[in-house]
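Novice: entry.pdb is reproduced in full below (PDB, C-alpha atoms).
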```
ATOM      1  CA  MET Q  25     -26.433  37.688  68.166
ATOM      2  CA  ARG Q  26     -24.484  34.823  66.628
ATOM      3  CA  LYS Q  27     -26.111  31.996  64.726
ATOM      4  CA  THR Q  28     -26.488  28.677  66.526
ATOM      5  CA  ILE Q  29     -24.526  25.847  64.927
ATOM      6  CA  LYS Q  30     -27.060  23.119  64.228
ATOM      7  CA  ILE Q  31     -24.965  20.312  62.728
ATOM      8  CA  PRO Q  32     -22.592  18.796  65.291
ATOM      9  CA  ARG Q  33     -19.018  18.191  64.218
ATOM     10  CA  ILE Q  34     -16.063  16.997  66.247
ATOM     11  CA  LEU Q  35     -13.110  19.381  66.202
ATOM     12  CA  ASN Q  36     -10.668  17.540  68.437
ATOM     13  CA  ILE Q  37     -10.110  14.413  70.498
ATOM     14  CA  SER Q  38      -9.013  15.823  73.884
ATOM     15  CA  LYS Q  39      -8.332  12.681  75.868
ATOM     16  CA  ILE Q  40      -8.779   8.925  75.803
ATOM     17  CA  ASP Q  41      -9.097   7.185  79.156
ATOM     18  CA  GLY Q  42     -10.143   3.539  79.129
ATOM     19  CA  PHE Q  43     -13.466   3.320  77.304
ATOM     20  CA  LYS Q  44     -13.993   7.073  77.620
ATOM     21  CA  ILE Q  45     -13.196   9.411  74.758
ATOM     22  CA  TYR Q  46     -13.392  13.163  75.397
ATOM     23  CA  VAL Q  47     -14.057  15.285  72.326
ATOM     24  CA  ILE Q  48     -14.596  18.962  71.562
ATOM     25  CA  PHE Q  49     -17.634  19.680  69.397
ATOM     26  CA  ASN Q  50     -18.018  22.711  67.135
ATOM     27  CA  ASN Q  51     -20.375  24.339  69.646
ATOM     28  CA  GLY Q  52     -17.369  24.636  71.993
ATOM     29  CA  GLU Q  53     -18.457  21.885  74.379
ATOM     30  CA  THR Q  54     -16.098  19.206  75.618
ATOM     31  CA  ARG Q  55     -18.230  16.051  75.761
ATOM     32  CA  LEU Q  56     -17.654  12.556  77.108
ATOM     33  CA  LEU Q  57     -18.292   9.497  74.963
ATOM     34  CA  ASP Q  58     -18.409   6.448  77.248
ATOM     35  CA  PHE Q  59     -18.072   3.578  74.786
ATOM     36  CA  ASP Q  60     -18.755   0.939  77.419
ATOM     37  CA  LYS Q  61     -22.219   2.493  77.871
ATOM     38  CA  ILE Q  62     -22.718   3.246  74.169
ATOM     39  CA  LEU Q  63     -21.956  -0.292  73.037
ATOM     40  CA  ASN Q  64     -24.274  -1.683  75.714
ATOM     41  CA  ILE Q  65     -27.072   0.718  74.709
ATOM     42  CA  TRP Q  66     -26.636  -0.531  71.144
ATOM     43  CA  LYS Q  67     -26.744  -4.160  72.412
ATOM     44  CA  VAL Q  68     -23.630  -4.994  70.402
ATOM     45  CA  GLU Q  69     -23.133  -8.717  69.873
ATOM     46  CA  ASP Q  70     -19.941 -10.665  69.063
ATOM     47  CA  THR Q  71     -20.894 -10.826  65.377
ATOM     48  CA  ASP Q  72     -21.233  -7.035  65.055
ATOM     49  CA  ILE Q  73     -18.265  -5.028  63.731
ATOM     50  CA  GLU Q  74     -18.645  -2.698  66.746
ATOM     51  CA  SER Q  75     -17.868  -5.597  69.102
ATOM     52  CA  LYS Q  76     -14.168  -5.054  68.406
ATOM     53  CA  LEU Q  77     -14.474  -1.664  70.137
ATOM     54  CA  PHE Q  78     -14.786  -3.548  73.454
ATOM     55  CA  ASP Q  79     -11.023  -4.138  73.014
ATOM     56  CA  MET Q  80      -9.287  -0.989  74.295
ATOM     57  CA  ASN Q  81      -6.345  -1.556  71.929
ATOM     58  CA  VAL Q  82      -8.779  -1.264  69.016
ATOM     59  CA  LEU Q  83     -10.824   1.565  70.539
ATOM     60  CA  HIS Q  84      -7.719   3.663  71.257
ATOM     61  CA  LYS Q  85      -6.713   3.676  67.573
ATOM     62  CA  VAL Q  86      -9.509   6.153  66.906
ATOM     63  CA  LYS Q  87      -8.730   9.054  64.573
ATOM     64  CA  LEU Q  88     -10.500  12.214  63.651
ATOM     65  CA  ARG Q  89     -11.548  12.059  60.005
ATOM     66  CA  ASN Q  90     -13.965  14.477  58.350
ATOM     67  CA  GLN Q  91     -14.883  15.801  61.806
ATOM     68  CA  THR Q  92     -16.093  12.452  63.100
ATOM     69  CA  LEU Q  93     -14.547   9.453  64.848
ATOM     70  CA  SER Q  94     -13.011   6.896  62.543
ATOM     71  CA  TRP Q  95     -11.253   3.546  62.970
ATOM     72  CA  ASP Q  96      -9.006   2.388  60.102
ATOM     73  CA  ASN Q  97      -8.420  -0.833  62.040
ATOM     74  CA  LEU Q  98     -12.139  -1.697  61.635
ATOM     75  CA  ALA Q  99     -12.295  -1.265  57.888
ATOM     76  CA  SER Q 100     -15.097  -2.790  55.844
ATOM     77  CA  LYS Q 101     -14.671  -3.892  52.271
ATOM     78  CA  LEU Q 102     -17.144  -2.198  49.959
ATOM     79  CA  ILE Q 103     -17.507  -2.115  46.205
ATOM     80  CA  ASP Q 104     -17.153   1.293  44.537
ATOM     81  CA  GLU Q 105     -19.018   2.488  41.424
ATOM     82  CA  ASN Q 106     -16.333   0.884  39.182
ATOM     83  CA  GLY Q 107     -16.693  -2.522  40.841
ATOM     84  CA  ASN Q 108     -13.405  -2.200  42.761
ATOM     85  CA  GLU Q 109     -13.173  -3.479  46.320
ATOM     86  CA  ILE Q 110     -12.130  -0.675  48.686
ATOM     87  CA  ASP Q 111     -11.486  -0.629  52.432
ATOM     88  CA  TYR Q 112     -13.602   1.978  54.224
ATOM     89  CA  PRO Q 113     -12.890   2.803  57.857
ATOM     90  CA  TYR Q 114     -15.605   2.280  60.450
ATOM     91  CA  GLU Q 115     -17.091   5.650  61.415
ATOM     92  CA  ILE Q 116     -19.820   6.895  63.710
ATOM     93  CA  GLY Q 117     -21.506  10.156  62.708
ATOM     94  CA  PRO Q 118     -21.015  13.176  64.963
ATOM     95  CA  ASP Q 119     -24.780  13.718  65.253
ATOM     96  CA  VAL Q 120     -25.168  10.206  66.690
ATOM     97  CA  LEU Q 121     -22.138  10.714  68.941
ATOM     98  CA  TYR Q 122     -23.420  14.053  70.240
ATOM     99  CA  ASP Q 123     -26.754  12.494  71.195
ATOM    100  CA  LEU Q 124     -24.906   9.681  73.021
ATOM    101  CA  SER Q 125     -22.446  11.998  74.767
ATOM    102  CA  GLN Q 126     -22.691  13.689  78.115
ATOM    103  CA  ALA Q 127     -21.265  16.864  79.580
ATOM    104  CA  SER Q 128     -17.641  16.404  80.541
ATOM    105  CA  ASP Q 129     -15.928  17.127  83.817
ATOM    106  CA  LEU Q 130     -12.983  18.291  81.677
ATOM    107  CA  GLU Q 131     -15.060  21.283  80.627
ATOM    108  CA  ALA Q 132     -13.317  24.487  81.628
ATOM    109  CA  PRO Q 133     -15.515  27.039  83.357
ATOM    110  CA  GLY Q 134     -17.279  29.236  80.823
ATOM    111  CA  PHE Q 135     -16.711  32.979  80.608
ATOM    112  CA  GLY Q 136     -20.110  33.500  82.217
ATOM    113  CA  ASP Q 137     -19.095  31.406  85.225
ATOM    114  CA  ILE Q 138     -15.924  33.468  85.626
ATOM    115  CA  ILE Q 139     -17.814  36.778  85.435
ATOM    116  CA  ARG Q 140     -20.434  35.589  87.961
ATOM    117  CA  LYS Q 141     -17.706  34.543  90.417
ATOM    118  CA  GLU Q 142     -15.859  37.861  90.039
ATOM    119  CA  ARG Q 143     -19.093  39.905  90.270
ATOM    120  CA  ILE Q 144     -20.080  38.186  93.527
ATOM    121  CA  LYS Q 145     -16.542  38.584  94.885
ATOM    122  CA  ALA Q 146     -16.770  42.331  94.113
ATOM    123  CA  GLY Q 147     -20.138  42.510  95.925
ATOM    124  CA  LEU Q 148     -22.006  43.699  92.819
ATOM    125  CA  THR Q 149     -25.509  42.842  91.655
ATOM    126  CA  GLN Q 150     -26.090  41.998  88.003
ATOM    127  CA  GLY Q 151     -27.777  45.380  87.601
ATOM    128  CA  GLU Q 152     -24.816  47.246  89.093
ATOM    129  CA  LEU Q 153     -22.357  45.383  86.872
ATOM    130  CA  ALA Q 154     -24.538  46.047  83.826
ATOM    131  CA  HIS Q 155     -24.739  49.771  84.608
ATOM    132  CA  ARG Q 156     -20.951  50.054  85.011
ATOM    133  CA  ALA Q 157     -20.330  48.087  81.799
ATOM    134  CA  GLY Q 158     -22.941  49.925  79.719
ATOM    135  CA  THR Q 159     -25.199  46.948  79.103
ATOM    136  CA  THR Q 160     -28.391  45.487  80.613
ATOM    137  CA  ARG Q 161     -29.015  43.265  83.616
ATOM    138  CA  PHE Q 162     -30.836  40.865  81.259
ATOM    139  CA  TYR Q 163     -27.690  40.552  79.110
ATOM    140  CA  ILE Q 164     -25.466  39.950  82.166
ATOM    141  CA  SER Q 165     -27.915  37.298  83.420
ATOM    142  CA  ARG Q 166     -28.006  35.481  80.062
ATOM    143  CA  PHE Q 167     -24.226  35.643  79.807
ATOM    144  CA  GLU Q 168     -23.602  34.402  83.359
ATOM    145  CA  ASN Q 169     -25.962  31.486  82.733
ATOM    146  CA  ASN Q 170     -24.138  30.607  79.493
ATOM    147  CA  LYS Q 171     -27.278  31.326  77.447
ATOM    148  CA  SER Q 172     -25.609  33.931  75.247
ATOM    149  CA  ASP Q 173     -22.344  34.248  73.385
ATOM    150  CA  ILE Q 174     -20.273  37.360  73.827
ATOM    151  CA  GLU Q 175     -17.974  39.381  71.642
ATOM    152  CA  LEU Q 176     -14.468  39.931  72.960
ATOM    153  CA  SER Q 177     -14.933  43.723  73.017
ATOM    154  CA  THR Q 178     -18.046  43.360  75.208
ATOM    155  CA  PHE Q 179     -16.293  40.881  77.495
ATOM    156  CA  LYS Q 180     -13.402  43.328  77.864
ATOM    157  CA  ARG Q 181     -15.814  46.142  78.713
ATOM    158  CA  ILE Q 182     -17.529  44.013  81.397
ATOM    159  CA  VAL Q 183     -14.179  43.014  82.922
ATOM    160  CA  GLU Q 184     -12.466  46.390  82.761
ATOM    161  CA  SER Q 185     -15.305  48.926  83.155
ATOM    162  CA  GLY Q 186     -17.758  46.754  85.066
ATOM    163  CA  LEU Q 187     -15.420  44.888  87.407
ATOM    164  CA  GLY Q 188     -12.496  47.322  87.375
ATOM    165  CA  LYS Q 189     -10.088  44.526  86.483
ATOM    166  CA  ARG Q 190      -7.596  44.089  83.663
ATOM    167  CA  LEU Q 191      -8.293  41.474  80.985
ATOM    168  CA  LYS Q 192      -5.315  39.293  80.052
ATOM    169  CA  LEU Q 193      -5.911  36.685  77.367
ATOM    170  CA  GLU Q 194      -3.400  33.862  77.160
ATOM    171  CA  ILE Q 195      -3.150  30.893  74.844
ATOM    172  CA  LYS Q 196      -0.844  28.111  75.998
TER
END
```
Spell out the structure here as structure tokens.
Specialist:
Amino acid sequence: MRKTIKIPRILNISKIDGFKIYVIFNNGETRLLDFDKILNIWKVEDTDIESKLFDMNVLHKVKLRNQTLSWDNLASKLIDENGNEIDYPYEIGPDVLYDLSQASDLEAPGFGDIIRKERIKAGLTQGELAHRAGTTRFYISRFENNKSDIELSTFKRIVESGLGKRLKLEIK
């Protein structure tokens, strides 16, 4: 079984729509960051640097930097160890962002969801599919409920031997 990734990191900004930023975390989830809600939860006031994020033109200039969200247009001046003044972009840590995020409707169905749909369409029980694929009903159940990762070779065996279908993997 694969190790669970414990430290959240943002891999990609998928979409920006109004005050909503959709991001992909390193656990594979696409999550929604609703900055209208976040800034209100934080009780941001006009004097706070975050208050500028209420302006969509500022919010939309977000970049991915060191696997977190970063705004160069909200830079703060800080003094480095040599006494030089340096502009540092405003950033919010991915651990904080993950805790403030919610599941996204952009999330593609997981492999488990696809297998469950195809198994039901074929009129098979989890036990029957497991027997055909050379695995256990417990494993099929965990996989269908997105509680377990799967290796590509096992997925292929479930699709081809268990469901009698052909697996075609496509990246667009």
Novice: Residues within 7 Å of region 46-59 of chain Q, please, as a list of chain:residue names. Count all atoms listed in the file; anything in the same chain fewer than 2 positions from it doesn't count.
Specialist: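 Near region 46-59 of chain Q, the qualifying residues are Q:Ile29, Q:Pro32, Q:Arg33, Q:Ile34, Q:Leu35, Q:Asn36, Q:Ile37, Q:Ser38, Q:Lys39, Q:Ile40, Q:Phe43, Q:Lys44, Q:Lys61, Q:Ile62, Q:Leu63, Q:Leu124, Q:Ser125, Q:Gln126, Q:Ala127, Q:Ser128, Q:Leu130, Q:Glu131.
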Novice: Can you spit out the residues from that selection as a PDB file, in the coordinates of the input, using C-alpha atoms?
Specialist:
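Wrote it out as part.pdb, contents follow:
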```
ATOM      1  CA  ILE Q  29     -24.526  25.847  64.927  1.00  0.00           C
ATOM      2  CA  PRO Q  32     -22.592  18.796  65.291  1.00  0.00           C
ATOM      3  CA  ARG Q  33     -19.018  18.191  64.218  1.00  0.00           C
ATOM      4  CA  ILE Q  34     -16.063  16.997  66.247  1.00  0.00           C
ATOM      5  CA  LEU Q  35     -13.110  19.381  66.202  1.00  0.00           C
ATOM      6  CA  ASN Q  36     -10.668  17.540  68.437  1.00  0.00           C
ATOM      7  CA  ILE Q  37     -10.110  14.413  70.498  1.00  0.00           C
ATOM      8  CA  SER Q  38      -9.013  15.823  73.884  1.00  0.00           C
ATOM      9  CA  LYS Q  39      -8.332  12.681  75.868  1.00  0.00           C
ATOM     10  CA  ILE Q  40      -8.779   8.925  75.803  1.00  0.00           C
ATOM     11  CA  PHE Q  43     -13.466   3.320  77.304  1.00  0.00           C
ATOM     12  CA  LYS Q  44     -13.993   7.073  77.620  1.00  0.00           C
ATOM     13  CA  LYS Q  61     -22.219   2.493  77.871  1.00  0.00           C
ATOM     14  CA  ILE Q  62     -22.718   3.246  74.169  1.00  0.00           C
ATOM     15  CA  LEU Q  63     -21.956  -0.292  73.037  1.00  0.00           C
ATOM     16  CA  LEU Q 124     -24.906   9.681  73.021  1.00  0.00           C
ATOM     17  CA  SER Q 125     -22.446  11.998  74.767  1.00  0.00           C
ATOM     18  CA  GLN Q 126     -22.691  13.689  78.115  1.00  0.00           C
ATOM     19  CA  ALA Q 127     -21.265  16.864  79.580  1.00  0.00           C
ATOM     20  CA  SER Q 128     -17.641  16.404  80.541  1.00  0.00           C
ATOM     21  CA  LEU Q 130     -12.983  18.291  81.677  1.00  0.00           C
ATOM     22  CA  GLU Q 131     -15.060  21.283  80.627  1.00  0.00           C
TER      23      GLU Q 131
END
```
Novice: Please evaluate the PyMOL selection byres ((chain Q and resi 140) around 10) against the displayed coordinates and give the resulting residues as a PyMOL selection string.
Specialist: chain Q and resi 135-139+141-146+148-150+164-165+167-169
Novice: For those residues, write C-alpha atoms to a file as a CSV table (one decimal), in the frame of the given file.
Specialist:
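That gives us result32.csv:
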```csv
chain,number,residue,atom,x,y,z
Q,135,PHE,CA,-16.7,33.0,80.6
Q,136,GLY,CA,-20.1,33.5,82.2
Q,137,ASP,CA,-19.1,31.4,85.2
Q,138,ILE,CA,-15.9,33.5,85.6
Q,139,ILE,CA,-17.8,36.8,85.4
Q,141,LYS,CA,-17.7,34.5,90.4
Q,142,GLU,CA,-15.9,37.9,90.0
Q,143,ARG,CA,-19.1,39.9,90.3
Q,144,ILE,CA,-20.1,38.2,93.5
Q,145,LYS,CA,-16.5,38.6,94.9
Q,146,ALA,CA,-16.8,42.3,94.1
Q,148,LEU,CA,-22.0,43.7,92.8
Q,149,THR,CA,-25.5,42.8,91.7
Q,150,GLN,CA,-26.1,42.0,88.0
Q,164,ILE,CA,-25.5,40.0,82.2
Q,165,SER,CA,-27.9,37.3,83.4
Q,167,PHE,CA,-24.2,35.6,79.8
Q,168,GLU,CA,-23.6,34.4,83.4
Q,169,ASN,CA,-26.0,31.5,82.7
```
Novice: Run the PyMOL selection byres ((chain Q and resi 96-106) around 8) mentally over the shown coordinates, then write out the matched residues as number ranges by chain, using the chain letters and numbers from the document.
Specialist: Q: 73, 76, 82, 85-86, 94-95, 107-114
Novice: How many Å separate CA of Phe78 (chain Q) from CA of Asp60 (chain Q)?
Specialist: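 Separation between CA of Phe78 (chain Q) and CA of Asp60 (chain Q): 7.2 Å.
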Novice: Taking 5 positions as the minimum chain separation for residues in the same chain, which residues sit within 7 Å of region 184-190 of chain Q when counting all atoms listed in the file? Answer as a PyMOL selection string.
Specialist: chain Q and resi 143+153-154+156-157
Novice: Any idea what the distance is between CA of Glu74 (chain Q) and CA of Leu121 (chain Q)?
Specialist: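 Separation of CA of Glu74 (chain Q) and CA of Leu121 (chain Q): 14.0 Å.
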Novice: Using only C-alpha atoms, pick whichever of Q:Ile116, Q:Leu77, Q:Ile182, Q:Ile195 has the shortest atom-to-atom distance to Thr159 (chain Q).
Specialist: Q:Ile182
Novice: Out of Q:Pro118, Q:Asp72, Q:Leu191, Q:Asp79, which residue has the shortest atom-to-atom distance to Leu176 (chain Q) when counting all atoms listed in the file?
Specialist: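 Answer, going by the shortest atom-to-atom distance: Q:Leu191.
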Novice: Please measure the separation of CA of Thr92 (chain Q) and CA of Lys30 (chain Q), giving the value in Å to one decimal.
Specialist: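 Value for the CA of Thr92 (chain Q)-CA of Lys30 (chain Q) distance: 15.3 Å.
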Novice: With all atoms listed in the file as the atoms that count, which of Q:Arg89, Q:Asn170, Q:Gly134, Q:Arg181 lies nearest to His155 (chain Q)?
Specialist: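 Among Q:Arg89, Q:Asn170, Q:Gly134, Q:Arg181, it is Q:Arg181 that comes nearest to His155 (chain Q).
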